[in-house]
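Asks: Pasting a structure here, questions to come.
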Amino acid sequence: MIDREQYTPGPASGAQVRKDRGQNGEEKWTLILVRELRHSPEKVWQALTDPAHLREWAPFDSDGSLGTVGNTVKLTTVGAPALRVTETTVTRADALEVLEYKWGGFDMRWELEAWDGGTRLTLWTNIGHRFIAMGAAGWHICFDVLDRLLAGQPIGRIVGPEAMKFGWQRLNAEYARQFGIETPDWPPHAAQKS
């Protein structure tokens with residue numbers, strides 16, 4: 001069993017980016033992350049929808065279940081410099097298959113597919129172009145934490161600035177290279193004094 005201090009994320013993998021045109025002709029970027037988990041769709045669905053499970057791995061807390069279409073919940077971002085609460089309504093909840101809602105104005109689509117005794121989990125989320133690698137790195141760590149939680153070996157949520165202690169910068173750079181984008185200066189360095 002691994003403890004939190006020993007956790008190191010593996011190499012960047014399972015992510016891709018799509019660029020489309022929105023209705024007004026603007027660029028729309030979608031980050032797609034795929035992770036094959038050794039756990040049943042039932043366990044994964046519960047982790048995606050149950051507020052108690054979300055508190056263990058997700059970058060936000062939910063004040064209600066995400067498992068029912070029409071449920072309106074408040075999602076509170078964890079680890080952000082300022083408190084950010086988003087009210088959202090679950091727009092699709094096909095148990096064990098598809099979950100859709102918005103988080104902070106971004107579409108979140110989770111797809112679950114039974115796979116080799118486990119679940120292939122795919123997250124589709126629209127994201128600003130300059131945040132694609134950062135988002136991939138953050139979700140990569142969240143998925144690692146989720147996998148360990150479902151295996152009964154929880155290491156606790158790792159989000160926001162705390163992720164910097166666990167290899168987030170390396171992942172951010174690896175995803176940026178994979179996507180062919182420049183790595184933003186993150187965290188931003190203070191301006192040099194003249």
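Chain lettering (A, B, ...) mirrors the order of the structure tokens, residue numbering begins at 1 for each chain separately, and ligand numbering begins at 1 in order of display.
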Hey, what's within 6 Å of Glu97 (chain A) if we count only C-alpha atoms and toss same-chain stuff fewer than 2 positions away? As a PyMOL selection string, please?
Replies: chain A and resi 94-95+111-112
Asks: Just write the chosen residues, all heavy atoms, as a PDB file, in the first residue's frame.
Replies:
ATOM      1  N   ASP A  94     -27.336   9.107 -17.332  1.00  0.00           N
ATOM      2  CA  ASP A  94     -27.670   7.732 -17.709  1.00  0.00           C
ATOM      3  C   ASP A  94     -26.779   6.836 -16.854  1.00  0.00           C
ATOM      4  O   ASP A  94     -25.598   6.661 -17.170  1.00  0.00           O
ATOM      5  CB  ASP A  94     -27.397   7.489 -19.200  1.00  0.00           C
ATOM      6  CG  ASP A  94     -28.181   8.419 -20.111  1.00  0.00           C
ATOM      7  OD1 ASP A  94     -29.198   8.973 -19.651  1.00  0.00           O
ATOM      8  OD2 ASP A  94     -27.775   8.607 -21.273  1.00  0.00           O
ATOM      9  N   ALA A  95     -27.329   6.336 -15.759  1.00  0.00           N
ATOM     10  CA  ALA A  95     -26.545   5.602 -14.761  1.00  0.00           C
ATOM     11  C   ALA A  95     -25.614   4.592 -15.407  1.00  0.00           C
ATOM     12  O   ALA A  95     -26.001   3.838 -16.298  1.00  0.00           O
ATOM     13  CB  ALA A  95     -27.469   4.908 -13.771  1.00  0.00           C
ATOM     14  N   GLU A 111     -18.069   9.690 -19.625  1.00  0.00           N
ATOM     15  CA  GLU A 111     -18.578   8.470 -20.252  1.00  0.00           C
ATOM     16  C   GLU A 111     -17.930   7.275 -19.562  1.00  0.00           C
ATOM     17  O   GLU A 111     -16.715   7.269 -19.348  1.00  0.00           O
ATOM     18  CB  GLU A 111     -18.248   8.453 -21.746  1.00  0.00           C
ATOM     19  CG  GLU A 111     -18.924   9.556 -22.521  1.00  0.00           C
ATOM     20  CD  GLU A 111     -18.539   9.558 -24.001  1.00  0.00           C
ATOM     21  OE1 GLU A 111     -17.695   8.739 -24.420  1.00  0.00           O
ATOM     22  OE2 GLU A 111     -19.089  10.400 -24.727  1.00  0.00           O
ATOM     23  N   LEU A 112     -18.746   6.281 -19.229  1.00  0.00           N
ATOM     24  CA  LEU A 112     -18.261   5.056 -18.608  1.00  0.00           C
ATOM     25  C   LEU A 112     -18.541   3.904 -19.556  1.00  0.00           C
ATOM     26  O   LEU A 112     -19.640   3.806 -20.103  1.00  0.00           O
ATOM     27  CB  LEU A 112     -18.984   4.787 -17.284  1.00  0.00           C
ATOM     28  CG  LEU A 112     -18.716   5.738 -16.121  1.00  0.00           C
ATOM     29  CD1 LEU A 112     -19.445   7.042 -16.297  1.00  0.00           C
ATOM     30  CD2 LEU A 112     -19.129   5.084 -14.826  1.00  0.00           C
TER      31      LEU A 112
END
Asks: I need the residues of region 7-84 of chain A that end up classed as strand (DSSP E) by DSSP on the backbone, written out as a PyMOL selection string.
Replies: chain A and resi 15-21+27-37+60-62+72-77
Asks: Report the distance between CA of Arg177 (chain A) and CA of Ala133 (chain A) in Å, rounded to one decimal place.
Replies: 8.7 Å
Asks: Just the residues within 12 Å of Ala151 (chain A), please, counting only C-alpha atoms, with nothing from its chain fewer than 3 positions along; format it as a list in words.
Replies: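 The contact residues come out as Met1, Ile2, Leu37, Arg38, His39, Ser40, Lys43, Val44, Ala47, Gly118, Asp144, Val145, Leu146, Asp147, Arg148, Pro154 and Ile155 of chain A.
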Asks: If you run DSSP on this backbone, which residues of region 7-192 of chain A come out as helix (DSSP H, G or I), and could you give them as a ChimeraX atom specification?
Replies: /A:41-49,51-57,129-150,160-166,168-179
